[in-house]
Structure formats: C-alpha cells, structure tokens
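Chemist: Let me give you the structure first, and then I'll get to my questions.
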Amino acid sequence: MNILTQNAMNNDNSRRDFLKKTALGTAGLSLGAMAFSPKSYSRILGANDRVNVGIVGFSDRCRGALVPAMQIHAKEMNFQFTAVSDIWSRRREEAQAFVKEKAGLDIAACRNNDELYDRNDVDAVIISTADFQHALHCKEAVEAGRDAYVEKPFAETMADNRAAKEAVLRTGKIVQVGSQRRSGINYHQAHDFIKAGKFGDIVAVEMTWNVNQPGRWRRPDLVDQIRKEDTDWDRYQMNRPKTDWDPRKYLEFRLFWPYSSGIPGQWMAHQIDTVHWFTDLPHPRSVAANGGIYLWKDGRQNFDTMTAVFDYGPLNDSSKGFQVIYSSRFTNSAGGTKEIYYSNAGELNLDTNKISPNGGLRANQARAMGMQENLLQEMALGEAVKVETGANTGADDMTSAHMRNWMECVRSRKKPNADVMAGYNHSIANIMTTAALRTGQFVTFDEEKQEVLAGGKPFQY
C-alpha cells in the first residue's frame, strides 16, 4: 500500500499490541530485573568466577558515572575493580581513594597500560581516556586479551577507526561502546516502532544539543596545578603529531583538534548513532557543515557553534533517502537537546517521548491530490527516560543499564547493545562532519577504501 494512503496507527488494538510487545521486548532493560536473574548465572560457563576489572584513565566521566554504574551491579554480577592505569600520578591516587571509598577495595596503581596488562588480575577494562585515544586503547585492550567498555567517540580518524575495528573483530572480545541510548527503554521502543513499519518512511530528522556553559570542558584550576614531570606527555600524544607540553591540551583536550573534534565527538556521536540504529544505514552518503568560535574566545580551537546537514539513504539507490539536520551551540541553551524523527504521517519525538500526528498529511491537503489523510495516532513511548546533558551526569539510568548490558555480555559472550560496529559507524559520521567543518569542503565516503573524502581527497587532520 502506498505510504500516503496508510494510517500508521488506525485503532486502539494496534496501539495496545505495540505497547505490549515493546514492554516485553524491553523488560530486560529495566534496572530492577534485567536480562539475567541470579539463578541463571549457574547455567553459564564460568558464571561463578569473579570478573576483575581495570580502569584505563580515571577521568571525570569515569569517576562521576562509569565506576558508580558498575558498582550498582557489581555484587550481583560478581565484578570488582582490581587496578587503575593512568599516566598522571594524581589521577592514580584519586582512583585508589575513590574505589576504596565506594567499594571498600584496595586497587593496584599502574603508571601505564603496559603495566596494567602485565597483571594477571585484570579480565576486562573500562576505558575513559581522551577522545582521540579511545580507539587505540580499545585495540590495545583486546589484543591483550581483555574485554572492554570504551567511551565514545570511538575514533576521531579513519585510520584509528579501521585499526580498532579490525582488532576487535579479529580477537572476538566483547566490546561495548559508550552509546548508552542503545540501552534506553524509550529508544528501544522507538526503534521497534519504526522497524515495525508503523511510523512510515523517515523523511527528515532534526537534532539539537544546546547549552550556555562557558566553563564546559574547561579545567583552569587543574591546568594551573599539573606539572609535566607528573605525567607522560609523549605517551599521551600517542600517534598525534608531537608538540611541546601543553597542560590545556592534556586536561581540556575536548577544545583542541586533533585531540578531540569537540561537539561532533562529544555530543553528536550519541544522537547520530540512533539514526544508524533505527534505519540499519551504516553512515551518511554526504555531509556539508559550517560553524565557528563565535563567543567563547578563550584559546580553544574547536567550534562553540556548528550545524551539519547529512544525506542518508541506501548507498546503492540515490532516489531514496532523507535529510538529517544537526545543530549545537555552547552560547545559548534555548531549544535544549532534541531528537525528532518525521514521517509523512507525523513525528516521533525523543525529547517528549511522544508519537504524534504533528505535521502529518491532513485530509484537506490530501484530497486535492486524490490522496487520503495520513496521520499517526498520538501515543507515548513507554517509560520516559530523560537524557542527561549536564557535565557530570552521575550514574544515570541509561548509563547504568548500558554498563549492566556489557557486564552480562562479558559473561554470556553475546553481542552487546552498542558493539564495535556501532562505534565504527558513528565515528564515520563524526569524522565526515569534522572534515566538512575543518576544510569547508563537501564530504563523502569511499565505501571501497573505507575513507572519508573532503573535496574528493582523504581527510586525516
């Protein structure tokens, strides 16, 4: 049936069926009784063995969300922290004190990842280092035989992206990328609604992430306190062009390219990932973008404002597709964080967690062209899980559920909600956006070579 003659949700029975099915499908995502019950552990090989976890990079995100998230489930799942690796002596000491306070455990302090992976009491790691390090630290972990929870963005260059993906697929280790929307109940219900064909073809997506935070990603006190001799600046830079010691690039890396792309890697990575998940499209066909440092002129190199326009659709059929418009600013918070999917019949709003006929084809407009009204029925997306946008989110429900999913998969060896391909694909979109922002060129993707092209040329830095 032609989409314009469909009524996407035309009776109460279909509404009840959808909610019933999605409630059952997402029951394993609830925080009280997730996928495995304690009794089922005995049926999994090695289920009684404790899983020892190392911390790779004791960042603010690790302290504020990841360690607390694991601790919520640690006793039931039989996980515990055993060691921390951080090249800054202060962070090692802080990690030891924090885990002692929160878990009552004394953990070993390692000056670098070589020392960490030489230990025989680390089975898996949580990686929360600088943005540009995630992919290579993930590669390092799986090649050392460890499963990994690795924060997003997964990669900031295609060379790192390809290397990490190859290592994870080759080793078969369990890797969860920190795209926690993939463990949100409302996002699962949105995914199921779209995939069931009840929404209709996506015709557009609008996404925003707006804050008014001049201090976001700034660490002025720590910048004044850190000393080069207390860390390992050469090791920190990994494969990036070597430069002289700069405490801002060490501690405020999100503001400086090529240590971070800033907005694309930090925020857009979360939101653009839902497009890939909901549609099974791996990446955009093209990206155009611009932006600038319009207000916070504090020496940063990454933009405080940007807009990107993406063309998505089947890679082999340019006659089909839709546009994604993503905008973000540091300078005014009006509009907040939004993710709205549009079809000809209405919208799916992941801010309000509502499906509605807003903007759908009304009878008076359809009649003129011999068509029928095409309107979604208004309904709610199950439980409304609010997305956290603050600098320190804590162990919010999505992060807790996402961490637990990884812990379950470490035991079951099943694919986690945000596996390596989720990270690989969101990184393609991020890198395409960065290329467009930094070169001013129209950006495409070479499918054969798996390379981002800006103005037809491969982009790296």
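Following the order of the structure tokens, first chain is A, next is B, and so on, with residues numbered from 1 inside each chain and ligands from 1 in the order they appear.
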Would you mind listing, for every residue of region 236-282 of chain A within 10 Å of region 436-453 of chain A, the two atoms forming the shortest contact and the distance between them in Å to one decimal, using only C-alpha atoms, sorted by chain and ascending residue number, as a tab-separated table?

Modeler:
```
residue	atom	partner	partner_atom	distance
A:Trp257	CA	A:Arg438	CA	9.7
A:Ser261	CA	A:Leu437	CA	9.7
A:Pro264	CA	A:Leu437	CA	9.9
```

Chemist: Near region 73-75 of chain A, counting only C-alpha atoms, which residues have an atom at most 10 Å away, once you skip same-chain residues fewer than 6 positions from it, shown as a list in words?

Modeler: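 Contacts, with the query itself left out: Leu31, Arg50, Val51, Val67, Phe81, Ala103, Ser400, Ala401, Met403, Arg404 and Met407 of chain A.
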
Chemist: Give me a file of those residues, with all heavy atoms, as a CSV table (one decimal), in the first residue's frame.

Modeler:
```csv
chain,number,residue,atom,x,y,z
A,31,LEU,N,15.9,-1.5,35.4
A,31,LEU,CA,17.1,-1.5,36.3
A,31,LEU,C,16.9,-2.5,37.4
A,31,LEU,O,17.8,-2.8,38.1
A,31,LEU,CB,17.3,-0.1,36.8
A,31,LEU,CG,17.6,0.9,35.7
A,31,LEU,CD1,17.9,2.3,36.3
A,31,LEU,CD2,18.8,0.5,34.9
A,50,ARG,N,34.7,-14.6,39.5
A,50,ARG,CA,34.7,-13.2,39.6
A,50,ARG,C,35.4,-12.6,38.4
A,50,ARG,O,36.4,-13.0,37.9
A,50,ARG,CB,35.4,-12.7,40.9
A,50,ARG,CG,35.4,-11.2,41.0
A,50,ARG,CD,36.0,-10.8,42.4
A,50,ARG,NE,35.1,-11.1,43.4
A,50,ARG,CZ,35.5,-11.7,44.6
A,50,ARG,NH1,36.7,-12.1,44.7
A,50,ARG,NH2,34.6,-11.9,45.5
A,51,VAL,N,34.8,-11.5,37.9
A,51,VAL,CA,35.4,-10.7,36.8
A,51,VAL,C,36.1,-9.5,37.4
A,51,VAL,O,35.5,-8.7,38.0
A,51,VAL,CB,34.3,-10.3,35.8
A,51,VAL,CG1,34.9,-9.5,34.7
A,51,VAL,CG2,33.6,-11.5,35.2
A,67,VAL,N,32.3,4.3,37.1
A,67,VAL,CA,32.6,3.5,38.3
A,67,VAL,C,31.3,3.3,39.1
A,67,VAL,O,30.9,2.2,39.5
A,67,VAL,CB,33.7,4.1,39.1
A,67,VAL,CG1,33.8,3.4,40.5
A,67,VAL,CG2,35.0,4.0,38.4
A,81,PHE,N,36.6,-4.1,40.9
A,81,PHE,CA,37.8,-3.4,40.4
A,81,PHE,C,39.1,-3.9,41.1
A,81,PHE,O,39.1,-4.2,42.3
A,81,PHE,CB,37.7,-1.9,40.7
A,81,PHE,CG,36.6,-1.2,39.9
A,81,PHE,CD1,35.4,-0.8,40.5
A,81,PHE,CD2,36.8,-1.0,38.5
A,81,PHE,CE1,34.4,-0.2,39.7
A,81,PHE,CE2,35.8,-0.3,37.8
A,81,PHE,CZ,34.6,0.0,38.4
A,103,ALA,N,33.8,1.2,47.1
A,103,ALA,CA,33.7,-0.3,47.1
A,103,ALA,C,34.4,-1.0,48.2
A,103,ALA,O,34.3,-2.2,48.3
A,103,ALA,CB,34.2,-0.8,45.7
A,400,SER,N,23.7,3.2,33.6
A,400,SER,CA,23.6,2.0,34.5
A,400,SER,C,23.1,0.8,33.7
A,400,SER,O,23.7,-0.3,33.8
A,400,SER,CB,22.6,2.3,35.7
A,400,SER,OG,22.5,1.1,36.4
A,401,ALA,N,22.1,1.0,32.9
A,401,ALA,CA,21.6,-0.1,32.1
A,401,ALA,C,22.6,-0.6,31.0
A,401,ALA,O,22.8,-1.7,30.7
A,401,ALA,CB,20.3,0.3,31.4
A,403,MET,N,25.9,-0.2,31.2
A,403,MET,CA,27.0,-0.9,31.9
A,403,MET,C,26.6,-2.3,32.2
A,403,MET,O,27.4,-3.3,32.0
A,403,MET,CB,27.4,-0.1,33.1
A,403,MET,CG,28.6,-0.7,33.9
A,403,MET,SD,30.1,-0.8,33.0
A,403,MET,CE,30.5,1.0,33.0
A,404,ARG,N,25.4,-2.5,32.7
A,404,ARG,CA,25.0,-3.8,33.0
A,404,ARG,C,24.9,-4.7,31.8
A,404,ARG,O,25.2,-5.9,31.9
A,404,ARG,CB,23.6,-3.8,33.7
A,404,ARG,CG,23.2,-5.2,34.1
A,404,ARG,CD,21.9,-5.2,35.0
A,404,ARG,NE,21.6,-6.6,35.3
A,404,ARG,CZ,21.5,-7.1,36.5
A,404,ARG,NH1,21.7,-6.3,37.6
A,404,ARG,NH2,21.2,-8.3,36.7
A,407,MET,N,28.3,-6.0,31.2
A,407,MET,CA,28.7,-7.0,32.2
A,407,MET,C,28.0,-8.3,31.9
A,407,MET,O,28.6,-9.4,32.0
A,407,MET,CB,28.3,-6.5,33.6
A,407,MET,CG,29.0,-5.2,34.0
A,407,MET,SD,28.3,-4.3,35.4
A,407,MET,CE,28.8,-5.4,36.8
```

Chemist: Mind checking DSSP for region 203-341 of chain A and telling me the helix (DSSP H, G or I) residues as a ChimeraX atom specification?

Modeler: /A:220-225,228-230,233-237,247-251,253-255,263-279

Chemist: Export N, CA, C and O atoms of the chosen residues as a short mmCIF file (atom, residue, chain, number, x, y, z; two decimals), in the first residue's frame?

Modeler:
```cif
data_model
loop_
_atom_site.label_atom_id
_atom_site.label_comp_id
_atom_site.auth_asym_id
_atom_site.auth_seq_id
_atom_site.Cartn_x
_atom_site.Cartn_y
_atom_site.Cartn_z
N PRO A 220 40.46 25.09 34.50
CA PRO A 220 41.50 26.07 34.77
C PRO A 220 42.31 25.80 36.03
O PRO A 220 43.53 26.03 36.05
N ASP A 221 41.68 25.31 37.08
CA ASP A 221 42.41 25.04 38.32
C ASP A 221 43.43 23.92 38.13
O ASP A 221 44.59 24.03 38.55
N LEU A 222 43.00 22.85 37.47
CA LEU A 222 43.91 21.73 37.25
C LEU A 222 45.02 22.10 36.27
O LEU A 222 46.16 21.64 36.41
N VAL A 223 44.70 22.93 35.28
CA VAL A 223 45.72 23.39 34.33
C VAL A 223 46.85 24.10 35.07
O VAL A 223 48.03 23.95 34.74
N ASP A 224 46.48 24.87 36.09
CA ASP A 224 47.50 25.58 36.88
C ASP A 224 48.30 24.63 37.77
O ASP A 224 49.45 24.94 38.13
N GLN A 225 47.72 23.50 38.13
CA GLN A 225 48.35 22.63 39.11
C GLN A 225 49.21 21.52 38.50
O GLN A 225 50.20 21.10 39.10
N LYS A 228 54.44 18.78 34.15
CA LYS A 228 54.81 17.83 33.11
C LYS A 228 55.47 16.58 33.70
O LYS A 228 55.23 15.46 33.24
N GLU A 229 56.29 16.76 34.75
CA GLU A 229 57.02 15.62 35.32
C GLU A 229 56.11 14.64 36.05
O GLU A 229 56.53 13.53 36.39
N ASP A 230 54.85 15.03 36.30
CA ASP A 230 53.92 14.13 36.99
C ASP A 230 53.12 13.25 36.04
O ASP A 230 52.31 12.43 36.48
N TRP A 233 53.78 13.01 28.85
CA TRP A 233 53.24 13.75 27.73
C TRP A 233 53.47 13.05 26.41
O TRP A 233 52.59 13.04 25.52
N ASP A 234 54.60 12.40 26.24
CA ASP A 234 54.88 11.70 24.99
C ASP A 234 53.92 10.53 24.80
O ASP A 234 53.38 10.32 23.71
N ARG A 235 53.70 9.76 25.84
CA ARG A 235 52.77 8.63 25.76
C ARG A 235 51.34 9.14 25.52
O ARG A 235 50.58 8.51 24.79
N TYR A 236 51.00 10.24 26.14
CA TYR A 236 49.67 10.82 25.97
C TYR A 236 49.36 11.10 24.51
O TYR A 236 48.25 10.83 24.02
N GLN A 237 50.32 11.65 23.77
CA GLN A 237 50.07 12.08 22.39
C GLN A 237 49.89 10.92 21.42
O GLN A 237 49.40 11.12 20.30
N PRO A 247 49.48 21.94 29.04
CA PRO A 247 48.53 21.39 30.00
C PRO A 247 47.08 21.55 29.58
O PRO A 247 46.23 20.75 29.97
N ARG A 248 46.77 22.54 28.75
CA ARG A 248 45.39 22.69 28.29
C ARG A 248 45.02 21.56 27.33
O ARG A 248 43.91 21.01 27.40
N LYS A 249 45.93 21.20 26.46
CA LYS A 249 45.64 20.10 25.52
C LYS A 249 45.60 18.76 26.25
O LYS A 249 44.98 17.81 25.75
N TYR A 250 46.22 18.70 27.40
CA TYR A 250 46.17 17.49 28.21
C TYR A 250 44.85 17.39 28.98
O TYR A 250 44.19 16.34 28.99
N LEU A 251 44.43 18.48 29.61
CA LEU A 251 43.27 18.46 30.50
C LEU A 251 41.99 18.98 29.85
O LEU A 251 40.90 18.58 30.24
N PHE A 253 41.30 18.73 26.53
CA PHE A 253 41.51 18.20 25.18
C PHE A 253 40.28 18.36 24.30
O PHE A 253 40.40 18.45 23.07
N ARG A 254 39.09 18.38 24.87
CA ARG A 254 37.86 18.48 24.06
C ARG A 254 37.78 19.79 23.28
O ARG A 254 36.98 19.92 22.36
N LEU A 255 38.61 20.76 23.66
CA LEU A 255 38.60 22.06 22.99
C LEU A 255 39.63 22.16 21.87
O LEU A 255 39.70 23.19 21.19
N ILE A 263 32.29 19.17 19.63
CA ILE A 263 30.86 18.88 19.57
C ILE A 263 30.54 17.60 18.80
O ILE A 263 29.75 16.77 19.30
N PRO A 264 31.10 17.35 17.61
CA PRO A 264 30.74 16.10 16.91
C PRO A 264 31.03 14.84 17.73
O PRO A 264 30.17 13.96 17.85
N GLY A 265 32.21 14.76 18.29
CA GLY A 265 32.58 13.56 19.04
C GLY A 265 31.90 13.44 20.38
O GLY A 265 31.53 12.34 20.81
N GLN A 266 31.72 14.57 21.06
CA GLN A 266 31.16 14.53 22.40
C GLN A 266 29.65 14.38 22.40
O GLN A 266 29.11 13.63 23.21
N TRP A 267 28.96 15.10 21.55
CA TRP A 267 27.50 15.13 21.62
C TRP A 267 26.82 14.51 20.41
O TRP A 267 25.92 13.69 20.55
N MET A 268 27.27 14.89 19.22
CA MET A 268 26.61 14.37 18.03
C MET A 268 26.74 12.86 17.94
O MET A 268 25.84 12.18 17.42
N ALA A 269 27.85 12.30 18.44
CA ALA A 269 28.06 10.84 18.39
C ALA A 269 26.90 10.09 19.01
O ALA A 269 26.48 9.04 18.51
N HIS A 270 26.37 10.61 20.12
CA HIS A 270 25.22 9.97 20.77
C HIS A 270 24.00 9.98 19.87
O HIS A 270 23.31 8.97 19.70
N GLN A 271 23.71 11.15 19.31
CA GLN A 271 22.45 11.32 18.61
C GLN A 271 22.45 10.71 17.21
O GLN A 271 21.48 10.08 16.80
N ILE A 272 23.55 10.89 16.47
CA ILE A 272 23.59 10.36 15.11
C ILE A 272 23.58 8.83 15.13
O ILE A 272 23.12 8.19 14.18
N ASP A 273 24.05 8.24 16.21
CA ASP A 273 24.03 6.78 16.34
C ASP A 273 22.62 6.23 16.28
O ASP A 273 22.40 5.13 15.75
N THR A 274 21.63 6.98 16.78
CA THR A 274 20.26 6.47 16.74
C THR A 274 19.77 6.38 15.29
O THR A 274 18.97 5.49 14.96
N VAL A 275 20.23 7.27 14.42
CA VAL A 275 19.84 7.20 13.01
C VAL A 275 20.31 5.88 12.41
O VAL A 275 19.55 5.18 11.72
N HIS A 276 21.55 5.52 12.68
CA HIS A 276 22.09 4.26 12.16
C HIS A 276 21.34 3.06 12.71
O HIS A 276 21.03 2.11 11.98
N TRP A 277 21.05 3.11 14.00
CA TRP A 277 20.37 2.00 14.67
C TRP A 277 18.94 1.83 14.15
O TRP A 277 18.50 0.73 13.84
N PHE A 278 18.20 2.94 14.04
CA PHE A 278 16.80 2.86 13.65
C PHE A 278 16.61 2.49 12.19
O PHE A 278 15.54 2.00 11.81
N THR A 279 17.63 2.75 11.35
CA THR A 279 17.46 2.57 9.90
C THR A 279 18.31 1.45 9.31
O THR A 279 18.10 1.07 8.15
#
```

Chemist: What is the distance between CA of Met238 (chain A) and CA of Pro282 (chain A), in Å to one decimal?

Modeler: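 Separating CA of Met238 (chain A) from CA of Pro282 (chain A) is a distance of 28.1 Å.
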
Chemist: Near Val324 (chain A), within 6 Å and counting only C-alpha atoms, which residues show up once chain neighbours fewer than 2 positions away are dropped, as a list of chain:residue names?

Modeler: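 Near neighbours after the sequence-gap exclusion: A:Ala204, A:Val205, A:Glu206, A:Val309, A:Phe310.
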